[in-house]
file entry-v3.pdb (PDB, N, CA and C atoms)
ATOM      1  N   MET C   1      94.565  97.270 110.483
ATOM      2  CA  MET C   1      94.316  96.731 111.804
ATOM      3  C   MET C   1      93.903  95.261 111.727
ATOM      4  N   LEU C   2      92.888  94.948 110.936
ATOM      5  CA  LEU C   2      92.404  93.572 110.823
ATOM      6  C   LEU C   2      93.142  92.893 109.675
ATOM      7  N   GLU C   3      93.852  91.800 109.991
ATOM      8  CA  GLU C   3      94.635  91.105 108.975
ATOM      9  C   GLU C   3      93.862  89.974 108.306
ATOM     10  N   ILE C   4      92.830  89.453 108.972
ATOM     11  CA  ILE C   4      91.974  88.457 108.326
ATOM     12  C   ILE C   4      90.956  89.241 107.497
ATOM     13  N   THR C   5      90.707  88.797 106.292
ATOM     14  CA  THR C   5      89.804  89.562 105.437
ATOM     15  C   THR C   5      88.376  89.498 105.981
ATOM     16  N   PRO C   6      87.658  90.593 105.875
ATOM     17  CA  PRO C   6      86.255  90.577 106.293
ATOM     18  C   PRO C   6      85.447  89.497 105.564
ATOM     19  N   ALA C   7      85.802  89.203 104.318
ATOM     20  CA  ALA C   7      85.083  88.171 103.570
ATOM     21  C   ALA C   7      85.224  86.802 104.240
ATOM     22  N   LYS C   8      86.401  86.505 104.772
ATOM     23  CA  LYS C   8      86.596  85.233 105.472
ATOM     24  C   LYS C   8      85.759  85.200 106.746
ATOM     25  N   VAL C   9      85.707  86.316 107.444
ATOM     26  CA  VAL C   9      84.904  86.377 108.673
ATOM     27  C   VAL C   9      83.430  86.181 108.345
ATOM     28  N   VAL C  10      82.961  86.827 107.295
ATOM     29  CA  VAL C  10      81.565  86.677 106.884
ATOM     30  C   VAL C  10      81.277  85.227 106.500
ATOM     31  N   GLN C  11      82.206  84.587 105.809
ATOM     32  CA  GLN C  11      82.007  83.182 105.454
ATOM     33  C   GLN C  11      81.860  82.336 106.717
ATOM     34  N   ILE C  12      82.671  82.594 107.727
ATOM     35  CA  ILE C  12      82.593  81.858 108.991
ATOM     36  C   ILE C  12      81.253  82.131 109.681
ATOM     37  N   ILE C  13      80.809  83.374 109.644
ATOM     38  CA  ILE C  13      79.518  83.728 110.240
ATOM     39  C   ILE C  13      78.396  82.929 109.568
ATOM     40  N   PHE C  14      78.383  82.908 108.248
ATOM     41  CA  PHE C  14      77.323  82.205 107.527
ATOM     42  C   PHE C  14      77.391  80.698 107.760
ATOM     43  N   GLN C  15      78.602  80.130 107.746
ATOM     44  CA  GLN C  15      78.734  78.694 107.992
ATOM     45  C   GLN C  15      78.309  78.349 109.420
ATOM     46  N   SER C  16      78.638  79.220 110.359
ATOM     47  CA  SER C  16      78.267  78.994 111.752
ATOM     48  C   SER C  16      76.752  78.950 111.914
ATOM     49  N   ARG C  17      76.069  79.788 111.162
ATOM     50  CA  ARG C  17      74.600  79.843 111.245
ATOM     51  C   ARG C  17      73.920  78.634 110.607
ATOM     52  N   GLU C  18      74.633  77.922 109.751
ATOM     53  CA  GLU C  18      74.045  76.765 109.088
ATOM     54  C   GLU C  18      73.952  75.562 110.015
ATOM     55  N   GLY C  19      74.603  75.637 111.164
ATOM     56  CA  GLY C  19      74.509  74.577 112.154
ATOM     57  C   GLY C  19      75.214  73.298 111.744
ATOM     58  N   PRO C  20      74.699  72.163 112.195
ATOM     59  CA  PRO C  20      75.360  70.872 111.971
ATOM     60  C   PRO C  20      75.634  70.547 110.500
ATOM     61  N   ALA C  21      74.801  71.052 109.602
ATOM     62  CA  ALA C  21      74.981  70.754 108.173
ATOM     63  C   ALA C  21      76.315  71.266 107.651
ATOM     64  N   ALA C  22      76.816  72.356 108.211
ATOM     65  CA  ALA C  22      78.063  72.954 107.726
ATOM     66  C   ALA C  22      79.208  72.820 108.728
ATOM     67  N   GLU C  23      78.992  72.016 109.773
ATOM     68  CA  GLU C  23      79.994  71.929 110.843
ATOM     69  C   GLU C  23      81.351  71.458 110.342
ATOM     70  N   ALA C  24      81.389  70.406 109.553
ATOM     71  CA  ALA C  24      82.663  69.878 109.060
ATOM     72  C   ALA C  24      83.361  70.897 108.162
ATOM     73  N   GLU C  25      82.574  71.556 107.317
ATOM     74  CA  GLU C  25      83.132  72.571 106.419
ATOM     75  C   GLU C  25      83.692  73.753 107.206
ATOM     76  N   LEU C  26      82.966  74.189 108.225
ATOM     77  CA  LEU C  26      83.429  75.295 109.062
ATOM     78  C   LEU C  26      84.701  74.915 109.804
ATOM     79  N   HIS C  27      84.724  73.713 110.355
ATOM     80  CA  HIS C  27      85.904  73.223 111.073
ATOM     81  C   HIS C  27      87.118  73.253 110.157
ATOM     82  N   GLN C  28      86.952  72.739 108.958
ATOM     83  CA  GLN C  28      88.045  72.690 107.987
ATOM     84  C   GLN C  28      88.473  74.097 107.558
ATOM     85  N   PHE C  29      87.512  74.987 107.366
ATOM     86  CA  PHE C  29      87.837  76.347 106.929
ATOM     87  C   PHE C  29      88.676  77.063 107.986
ATOM     88  N   ILE C  30      88.252  76.997 109.247
ATOM     89  CA  ILE C  30      89.011  77.670 110.306
ATOM     90  C   ILE C  30      90.379  77.016 110.463
ATOM     91  N   ALA C  31      90.434  75.693 110.387
ATOM     92  CA  ALA C  31      91.711  74.985 110.511
ATOM     93  C   ALA C  31      92.688  75.407 109.413
ATOM     94  N   GLY C  32      92.166  75.779 108.248
ATOM     95  CA  GLY C  32      93.002  76.170 107.122
ATOM     96  C   GLY C  32      93.538  77.593 107.177
ATOM     97  N   LEU C  33      93.066  78.373 108.140
ATOM     98  CA  LEU C  33      93.580  79.735 108.283
ATOM     99  C   LEU C  33      95.007  79.690 108.809
ATOM    100  N   ASN C  34      95.786  80.734 108.505
ATOM    101  CA  ASN C  34      97.127  80.776 109.074
ATOM    102  C   ASN C  34      97.046  81.226 110.536
ATOM    103  N   ASP C  35      98.135  81.098 111.262
ATOM    104  CA  ASP C  35      98.132  81.390 112.697
ATOM    105  C   ASP C  35      97.727  82.823 113.010
ATOM    106  N   ASP C  36      98.167  83.776 112.190
ATOM    107  CA  ASP C  36      97.796  85.179 112.410
ATOM    108  C   ASP C  36      96.289  85.377 112.248
ATOM    109  N   GLU C  37      95.733  84.757 111.215
ATOM    110  CA  GLU C  37      94.298  84.871 110.981
ATOM    111  C   GLU C  37      93.503  84.234 112.124
ATOM    112  N   LYS C  38      93.965  83.105 112.610
ATOM    113  CA  LYS C  38      93.287  82.437 113.724
ATOM    114  C   LYS C  38      93.287  83.317 114.965
ATOM    115  N   ALA C  39      94.423  83.943 115.257
ATOM    116  CA  ALA C  39      94.513  84.825 116.428
ATOM    117  C   ALA C  39      93.610  86.037 116.256
ATOM    118  N   GLN C  40      93.577  86.590 115.052
ATOM    119  CA  GLN C  40      92.728  87.743 114.780
ATOM    120  C   GLN C  40      91.244  87.367 114.891
ATOM    121  N   LEU C  41      90.887  86.200 114.391
ATOM    122  CA  LEU C  41      89.507  85.738 114.457
ATOM    123  C   LEU C  41      89.068  85.553 115.908
ATOM    124  N   THR C  42      89.922  84.950 116.706
ATOM    125  CA  THR C  42      89.621  84.763 118.129
ATOM    126  C   THR C  42      89.475  86.111 118.820
ATOM    127  N   ALA C  43      90.399  87.017 118.555
ATOM    128  CA  ALA C  43      90.347  88.350 119.165
ATOM    129  C   ALA C  43      89.076  89.083 118.741
ATOM    130  N   LEU C  44      88.692  88.932 117.496
ATOM    131  CA  LEU C  44      87.476  89.565 116.998
ATOM    132  C   LEU C  44      86.249  89.051 117.751
ATOM    133  N   ALA C  45      86.189  87.750 117.972
ATOM    134  CA  ALA C  45      85.078  87.167 118.734
ATOM    135  C   ALA C  45      85.087  87.678 120.174
ATOM    136  N   TRP C  46      86.263  87.821 120.756
ATOM    137  CA  TRP C  46      86.358  88.329 122.127
ATOM    138  C   TRP C  46      85.894  89.774 122.229
ATOM    139  N   VAL C  47      86.265  90.582 121.248
ATOM    140  CA  VAL C  47      85.791  91.975 121.232
ATOM    141  C   VAL C  47      84.267  91.977 121.094
ATOM    142  N   GLY C  48      83.758  91.125 120.240
ATOM    143  CA  GLY C  48      82.317  91.055 120.016
ATOM    144  C   GLY C  48      81.522  90.633 121.234
ATOM    145  N   ARG C  49      82.096  89.795 122.068
ATOM    146  CA  ARG C  49      81.366  89.364 123.272
ATOM    147  C   ARG C  49      81.667  90.244 124.482
ATOM    148  N   GLY C  50      82.532  91.243 124.280
ATOM    149  CA  GLY C  50      82.790  92.211 125.339
ATOM    150  C   GLY C  50      83.947  91.871 126.261
ATOM    151  N   SER C  51      84.725  90.862 125.933
ATOM    152  CA  SER C  51      85.878  90.514 126.766
ATOM    153  C   SER C  51      87.003  91.531 126.626
ATOM    154  N   PHE C  52      87.074  92.184 125.479
ATOM    155  CA  PHE C  52      88.048  93.237 125.209
ATOM    156  C   PHE C  52      87.318  94.395 124.554
ATOM    157  N   GLU C  53      87.819  95.590 124.762
ATOM    158  CA  GLU C  53      87.294  96.770 124.092
ATOM    159  C   GLU C  53      87.922  96.852 122.704
ATOM    160  N   PRO C  54      87.251  97.498 121.754
ATOM    161  CA  PRO C  54      87.808  97.608 120.405
ATOM    162  C   PRO C  54      89.216  98.214 120.388
ATOM    163  N   GLU C  55      89.450  99.194 121.244
ATOM    164  CA  GLU C  55      90.779  99.819 121.259
ATOM    165  C   GLU C  55      91.860  98.899 121.820
ATOM    166  N   ASP C  56      91.459  97.783 122.413
ATOM    167  CA  ASP C  56      92.407  96.810 122.953
ATOM    168  C   ASP C  56      92.549  95.594 122.037
ATOM    169  N   PHE C  57      92.198  95.763 120.767
ATOM    170  CA  PHE C  57      92.232  94.644 119.827
ATOM    171  C   PHE C  57      93.625  94.018 119.736
ATOM    172  N   ALA C  58      94.672  94.833 119.673
ATOM    173  CA  ALA C  58      96.038  94.297 119.585
ATOM    174  C   ALA C  58      96.358  93.444 120.813
ATOM    175  N   GLU C  59      95.907  93.874 121.974
ATOM    176  CA  GLU C  59      96.110  93.097 123.198
ATOM    177  C   GLU C  59      95.334  91.782 123.128
ATOM    178  N   ALA C  60      94.133  91.830 122.569
ATOM    179  CA  ALA C  60      93.325  90.616 122.416
ATOM    180  C   ALA C  60      94.022  89.628 121.488
ATOM    181  N   VAL C  61      94.622  90.127 120.415
ATOM    182  CA  VAL C  61      95.348  89.258 119.485
ATOM    183  C   VAL C  61      96.539  88.625 120.199
ATOM    184  N   ALA C  62      97.296  89.426 120.934
ATOM    185  CA  ALA C  62      98.452  88.904 121.670
ATOM    186  C   ALA C  62      98.018  87.853 122.693
ATOM    187  N   THR C  63      96.901  88.090 123.351
ATOM    188  CA  THR C  63      96.376  87.134 124.320
ATOM    189  C   THR C  63      95.955  85.845 123.623
ATOM    190  N   ALA C  64      95.331  85.963 122.468
ATOM    191  CA  ALA C  64      94.911  84.780 121.709
ATOM    192  C   ALA C  64      96.111  83.927 121.332
ATOM    193  N   VAL C  65      97.201  84.571 120.954
ATOM    194  CA  VAL C  65      98.425  83.834 120.598
ATOM    195  C   VAL C  65      99.010  83.167 121.840
ATOM    196  N   ALA C  66      99.112  83.933 122.918
ATOM    197  CA  ALA C  66      99.752  83.439 124.137
ATOM    198  C   ALA C  66      98.957  82.330 124.823
ATOM    199  N   GLU C  67      97.635  82.391 124.736
ATOM    200  CA  GLU C  67      96.805  81.456 125.485
ATOM    201  C   GLU C  67      96.233  80.319 124.649
ATOM    202  N   ALA C  68      96.656  80.210 123.403
ATOM    203  CA  ALA C  68      96.147  79.137 122.548
ATOM    204  C   ALA C  68      96.605  77.786 123.094
ATOM    205  N   SER C  69      95.653  76.982 123.544
ATOM    206  CA  SER C  69      96.001  75.677 124.107
ATOM    207  C   SER C  69      95.244  74.531 123.427
ATOM    208  N   VAL C  70      94.228  74.861 122.660
ATOM    209  CA  VAL C  70      93.486  73.875 121.866
ATOM    210  C   VAL C  70      93.394  74.424 120.447
ATOM    211  N   PRO C  71      93.121  73.565 119.483
ATOM    212  CA  PRO C  71      92.973  74.082 118.112
ATOM    213  C   PRO C  71      91.912  75.185 118.055
ATOM    214  N   THR C  72      92.230  76.239 117.348
ATOM    215  CA  THR C  72      91.332  77.394 117.263
ATOM    216  C   THR C  72      89.946  76.997 116.783
ATOM    217  N   GLU C  73      89.885  76.105 115.809
ATOM    218  CA  GLU C  73      88.591  75.709 115.278
ATOM    219  C   GLU C  73      87.736  75.039 116.360
ATOM    220  N   ASP C  74      88.357  74.248 117.225
ATOM    221  CA  ASP C  74      87.609  73.609 118.313
ATOM    222  C   ASP C  74      87.147  74.641 119.333
ATOM    223  N   TYR C  75      88.041  75.563 119.669
ATOM    224  CA  TYR C  75      87.699  76.600 120.644
ATOM    225  C   TYR C  75      86.540  77.467 120.143
ATOM    226  N   LEU C  76      86.675  77.976 118.920
ATOM    227  CA  LEU C  76      85.654  78.886 118.401
ATOM    228  C   LEU C  76      84.326  78.179 118.144
ATOM    229  N   MET C  77      84.366  76.969 117.641
ATOM    230  CA  MET C  77      83.123  76.265 117.360
ATOM    231  C   MET C  77      82.405  75.848 118.648
ATOM    232  N   GLY C  78      83.127  75.841 119.745
ATOM    233  CA  GLY C  78      82.513  75.570 121.033
ATOM    234  C   GLY C  78      82.002  76.819 121.726
ATOM    235  N   MET C  79      82.264  77.969 121.129
ATOM    236  CA  MET C  79      81.853  79.247 121.716
ATOM    237  C   MET C  79      80.377  79.511 121.418
ATOM    238  N   PRO C  80      79.583  79.710 122.466
ATOM    239  CA  PRO C  80      78.181  80.065 122.220
ATOM    240  C   PRO C  80      78.089  81.392 121.451
ATOM    241  N   HIS C  81      77.188  81.457 120.515
ATOM    242  CA  HIS C  81      76.912  82.694 119.770
ATOM    243  C   HIS C  81      78.118  83.180 118.949
ATOM    244  N   LEU C  82      78.860  82.257 118.352
ATOM    245  CA  LEU C  82      80.037  82.635 117.565
ATOM    246  C   LEU C  82      79.684  83.647 116.485
ATOM    247  N   ALA C  83      78.649  83.381 115.699
ATOM    248  CA  ALA C  83      78.289  84.286 114.604
ATOM    249  C   ALA C  83      77.982  85.681 115.122
ATOM    250  N   GLU C  84      77.204  85.761 116.192
ATOM    251  CA  GLU C  84      76.838  87.061 116.761
ATOM    252  C   GLU C  84      78.061  87.786 117.323
ATOM    253  N   ASN C  85      78.953  87.037 117.955
ATOM    254  CA  ASN C  85      80.168  87.650 118.495
ATOM    255  C   ASN C  85      81.047  88.215 117.383
ATOM    256  N   LEU C  86      81.177  87.471 116.300
ATOM    257  CA  LEU C  86      81.989  87.959 115.183
ATOM    258  C   LEU C  86      81.357  89.191 114.538
ATOM    259  N   GLU C  87      80.032  89.165 114.363
ATOM    260  CA  GLU C  87      79.350  90.337 113.808
ATOM    261  C   GLU C  87      79.544  91.554 114.696
ATOM    262  N   ALA C  88      79.369  91.359 116.003
ATOM    263  CA  ALA C  88      79.531  92.473 116.941
ATOM    264  C   ALA C  88      80.973  92.966 116.963
ATOM    265  N   GLY C  89      81.919  92.059 116.818
ATOM    266  CA  GLY C  89      83.327  92.447 116.774
ATOM    267  C   GLY C  89      83.648  93.290 115.548
ATOM    268  N   LEU C  90      83.139  92.863 114.397
ATOM    269  CA  LEU C  90      83.334  93.655 113.180
ATOM    270  C   LEU C  90      82.732  95.047 113.343
ATOM    271  N   GLU C  91      81.518  95.089 113.868
ATOM    272  CA  GLU C  91      80.842  96.367 114.063
ATOM    273  C   GLU C  91      81.619  97.258 115.039
ATOM    274  N   ALA C  92      82.113  96.673 116.125
ATOM    275  CA  ALA C  92      82.863  97.440 117.123
ATOM    276  C   ALA C  92      84.139  98.030 116.543
ATOM    277  N   LEU C  93      84.727  97.317 115.573
ATOM    278  CA  LEU C  93      85.943  97.815 114.931
ATOM    279  C   LEU C  93      85.638  98.735 113.758
ATOM    280  N   GLY C  94      84.358  98.977 113.505
ATOM    281  CA  GLY C  94      83.966  99.892 112.442
ATOM    282  C   GLY C  94      84.090  99.311 111.049
ATOM    283  N   ILE C  95      83.998  97.995 110.934
ATOM    284  CA  ILE C  95      84.137  97.337 109.639
ATOM    285  C   ILE C  95      82.750  96.990 109.110
ATOM    286  N   ASP C  96      82.386  97.597 107.995
ATOM    287  CA  ASP C  96      81.078  97.379 107.377
ATOM    288  C   ASP C  96      81.191  96.239 106.372
ATOM    289  N   VAL C  97      80.425  95.202 106.597
ATOM    290  CA  VAL C  97      80.472  94.038 105.710
ATOM    291  C   VAL C  97      79.153  93.820 104.975
ATOM    292  N   SER C  98      78.313  94.837 104.938
ATOM    293  CA  SER C  98      76.994  94.673 104.325
ATOM    294  C   SER C  98      77.082  94.251 102.859
ATOM    295  N   GLU C  99      78.026  94.789 102.115
ATOM    296  CA  GLU C  99      78.164  94.399 100.705
ATOM    297  C   GLU C  99      78.646  92.962 100.582
ATOM    298  N   ILE C 100      79.558  92.563 101.462
ATOM    299  CA  ILE C 100      80.061  91.191 101.435
ATOM    300  C   ILE C 100      78.937  90.224 101.801
ATOM    301  N   GLU C 101      78.136  90.582 102.800
ATOM    302  CA  GLU C 101      77.015  89.735 103.210
ATOM    303  C   GLU C 101      76.044  89.523 102.066
ATOM    304  N   THR C 102      75.791  90.566 101.283
ATOM    305  CA  THR C 102      74.881  90.467 100.148
ATOM    306  C   THR C 102      75.381  89.415  99.150
ATOM    307  N   ASP C 103      76.689  89.334  98.977
ATOM    308  CA  ASP C 103      77.260  88.348  98.053
ATOM    309  C   ASP C 103      77.021  86.920  98.520
ATOM    310  N   PHE C 104      76.880  86.713  99.834
ATOM    311  CA  PHE C 104      76.666  85.379 100.385
ATOM    312  C   PHE C 104      75.201  84.955 100.334
ATOM    313  N   LEU C 105      74.308  85.911 100.142
ATOM    314  CA  LEU C 105      72.878  85.582 100.145
ATOM    315  C   LEU C 105      72.402  85.062  98.816
TER
END
call {"tool": "encode", "arguments": {"input": "entry-v3.pdb", "output": "structure tokens"}}
result
Amino acid sequence: MLEITPAKVVQIIFQSREGPAAEAELHQFIAGLNDDEKAQLTALAWVGRGSFEPEDFAEAVATAVAEASVPTEDYLMGMPHLAENLEAGLEALGIDVSEIETDFL
């Protein structure tokens, strides 16, 4: 179901939490994702903030592709609570990243 690796999502979550110190690195990391990963990441954030239900993830991905009008990195980095939305999205999809998170600590 999820084509972007959970490890990449966790890296984005951690970089997002670092604030301005990691902003350039986060921007570059998201920009370096392929188009499918960018759409999946956006859809994951939308599920996490409640814009889509977990069972509508495929629809969220299709919407992310269809409605992309600004660079994904700019859109996501402008989203309030990006880290929390991504965490909630992973949880809603039943993806446990606790072991991956431990590796980042």
call {"tool": "residues_around", "arguments": {"input": "entry-v3.pdb", "residues": "Ala45 (chain C)", "least_positions_apart": "6", "cutoff": "7 Å", "atoms": "all atoms listed in the file", "output": "list of chain:residue names"}}
result
C:Ser51, C:Leu82, C:Asn85, C:Leu86, C:Glu87, C:Gly89, C:Leu90
call {"tool": "select_by_dssp", "arguments": {"input": "entry-v3.pdb", "residues": "chain C", "states": "helix (DSSP H, G or I)", "output": "PyMOL selection string"}}
result
chain C and resi 6-17+19-31+35-49+54-66+72-77+82-92+98-104
call {"tool": "resolve_selection", "arguments": {"input": "entry-v3.pdb", "expression": "the PyMOL selection byres ((chain C and resi 93-103) around 7)", "output": "ChimeraX atom specification"}}
result
/C:6-7,10,54,88-92,104-105
call {"tool": "residues_around", "arguments": {"input": "entry-v3.pdb", "residues": "Ala39 (chain C)", "least_positions_apart": "6", "cutoff": "7 Å", "atoms": "all atoms listed in the file", "output": "JSON list (two decimals) with N, CA and C atoms, in the frame of the given file"}}
result
[["chain", "number", "residue", "atom", "x", "y", "z"],
["C", 60, "ALA", "N", 94.13, 91.83, 122.57],
["C", 60, "ALA", "CA", 93.32, 90.62, 122.42],
["C", 60, "ALA", "C", 94.02, 89.63, 121.49],
["C", 61, "VAL", "N", 94.62, 90.13, 120.42],
["C", 61, "VAL", "CA", 95.35, 89.26, 119.48],
["C", 61, "VAL", "C", 96.54, 88.62, 120.20],
["C", 62, "ALA", "N", 97.30, 89.43, 120.93],
["C", 62, "ALA", "CA", 98.45, 88.90, 121.67],
["C", 62, "ALA", "C", 98.02, 87.85, 122.69],
["C", 64, "ALA", "N", 95.33, 85.96, 122.47],
["C", 64, "ALA", "CA", 94.91, 84.78, 121.71],
["C", 64, "ALA", "C", 96.11, 83.93, 121.33],
["C", 65, "VAL", "N", 97.20, 84.57, 120.95],
["C", 65, "VAL", "CA", 98.42, 83.83, 120.60],
["C", 65, "VAL", "C", 99.01, 83.17, 121.84]]
call {"tool": "residues_around", "arguments": {"input": "entry-v3.pdb", "residues": "Glu37 (chain C)", "least_positions_apart": "5", "cutoff": "6.5 Å", "atoms": "only N, CA and C atoms", "output": "ChimeraX atom specification"}}
result
/C:3-4,42
call {"tool": "atom_distance", "arguments": {"input": "entry-v3.pdb", "atom1": "atom C of Glu25 (chain C)", "atom2": "atom C of Gly50 (chain C)"}}
result
26.3 Å
call {"tool": "resolve_selection", "arguments": {"input": "entry-v3.pdb", "expression": "the PyMOL selection byres ((chain C and resi 13) around 7)", "output": "ChimeraX atom specification"}}
result
/C:8-12,14-18,82-84,86-87
call {"tool": "atom_distance", "arguments": {"input": "entry-v3.pdb", "atom1": "atom N of Pro80 (chain C)", "atom2": "atom C of Gly32 (chain C)"}}
result
20.8 Å
call {"tool": "atom_distance", "arguments": {"input": "entry-v3.pdb", "atom1": "CA of Ala58 (chain C)", "atom2": "atom C of Leu26 (chain C)"}}
result
24.5 Å
call {"tool": "residues_around", "arguments": {"input": "entry-v3.pdb", "residues": "Phe57 (chain C)", "least_positions_apart": "6", "cutoff": "8 Å", "atoms": "all atoms listed in the file", "output": "tab-separated table (two decimals) with N, CA and C atoms, keeping the file's coordinate frame"}}
result
chain	number	residue	atom	x	y	z
C	43	ALA	N	90.40	87.02	118.56
C	43	ALA	CA	90.35	88.35	119.16
C	43	ALA	C	89.08	89.08	118.74
C	44	LEU	N	88.69	88.93	117.50
C	44	LEU	CA	87.48	89.56	117.00
C	44	LEU	C	86.25	89.05	117.75
C	47	VAL	N	86.26	90.58	121.25
C	47	VAL	CA	85.79	91.98	121.23
C	47	VAL	C	84.27	91.98	121.09
C	63	THR	N	96.90	88.09	123.35
C	63	THR	CA	96.38	87.13	124.32
C	63	THR	C	95.96	85.84	123.62
call {"tool": "residues_near_point", "arguments": {"input": "entry-v3.pdb", "point": "(88.2, 74.7, 114.9)", "cutoff": "8 Å", "atoms": "all atoms listed in the file", "output": "list in words"}}
result
Leu26, His27, Gln28, Phe29, Ile30, Ala31, Gly32, Val70, Pro71, Thr72, Glu73, Asp74, Tyr75, Leu76, Met77 and Gly78 of chain C
call {"tool": "build_atoms", "arguments": {"input": "entry-v3.pdb", "residues": "region 30-37 of chain C", "atoms": "all heavy atoms", "output": "CSV table (one decimal), keeping the file's coordinate frame"}}
result
chain,number,residue,atom,x,y,z
C,30,ILE,N,88.3,77.0,109.2
C,30,ILE,CA,89.0,77.7,110.3
C,30,ILE,C,90.4,77.0,110.5
C,30,ILE,O,91.4,77.7,110.6
C,30,ILE,CB,88.2,77.7,111.6
C,30,ILE,CG1,86.9,78.5,111.5
C,30,ILE,CG2,89.1,78.2,112.8
C,30,ILE,CD1,86.0,78.4,112.7
C,31,ALA,N,90.4,75.7,110.4
C,31,ALA,CA,91.7,75.0,110.5
C,31,ALA,C,92.7,75.4,109.4
C,31,ALA,O,93.9,75.4,109.6
C,31,ALA,CB,91.5,73.5,110.5
C,32,GLY,N,92.2,75.8,108.2
C,32,GLY,CA,93.0,76.2,107.1
C,32,GLY,C,93.5,77.6,107.2
C,32,GLY,O,94.4,78.0,106.4
C,33,LEU,N,93.1,78.4,108.1
C,33,LEU,CA,93.6,79.7,108.3
C,33,LEU,C,95.0,79.7,108.8
C,33,LEU,O,95.4,78.7,109.5
C,33,LEU,CB,92.7,80.5,109.3
C,33,LEU,CG,91.2,80.8,108.9
C,33,LEU,CD1,90.5,81.4,110.0
C,33,LEU,CD2,91.1,81.6,107.6
C,34,ASN,N,95.8,80.7,108.5
C,34,ASN,CA,97.1,80.8,109.1
C,34,ASN,C,97.0,81.2,110.5
C,34,ASN,O,96.0,81.7,111.0
C,34,ASN,CB,98.1,81.7,108.2
C,34,ASN,CG,97.7,83.1,108.3
C,34,ASN,OD1,97.4,83.7,109.3
C,34,ASN,ND2,97.8,83.8,107.1
C,35,ASP,N,98.1,81.1,111.3
C,35,ASP,CA,98.1,81.4,112.7
C,35,ASP,C,97.7,82.8,113.0
C,35,ASP,O,97.0,83.1,114.0
C,35,ASP,CB,99.5,81.1,113.3
C,35,ASP,CG,99.8,79.6,113.4
C,35,ASP,OD1,98.8,78.8,113.3
C,35,ASP,OD2,101.0,79.2,113.5
C,36,ASP,N,98.2,83.8,112.2
C,36,ASP,CA,97.8,85.2,112.4
C,36,ASP,C,96.3,85.4,112.2
C,36,ASP,O,95.7,86.1,113.0
C,36,ASP,CB,98.5,86.1,111.5
C,36,ASP,CG,100.0,86.2,111.8
C,36,ASP,OD1,100.4,85.9,112.9
C,36,ASP,OD2,100.8,86.5,110.8
C,37,GLU,N,95.7,84.8,111.2
C,37,GLU,CA,94.3,84.9,111.0
C,37,GLU,C,93.5,84.2,112.1
C,37,GLU,O,92.5,84.8,112.6
C,37,GLU,CB,93.9,84.2,109.7
C,37,GLU,CG,94.4,85.0,108.4
C,37,GLU,CD,94.2,84.2,107.1
C,37,GLU,OE1,94.3,83.0,107.1
C,37,GLU,OE2,93.8,84.9,106.1
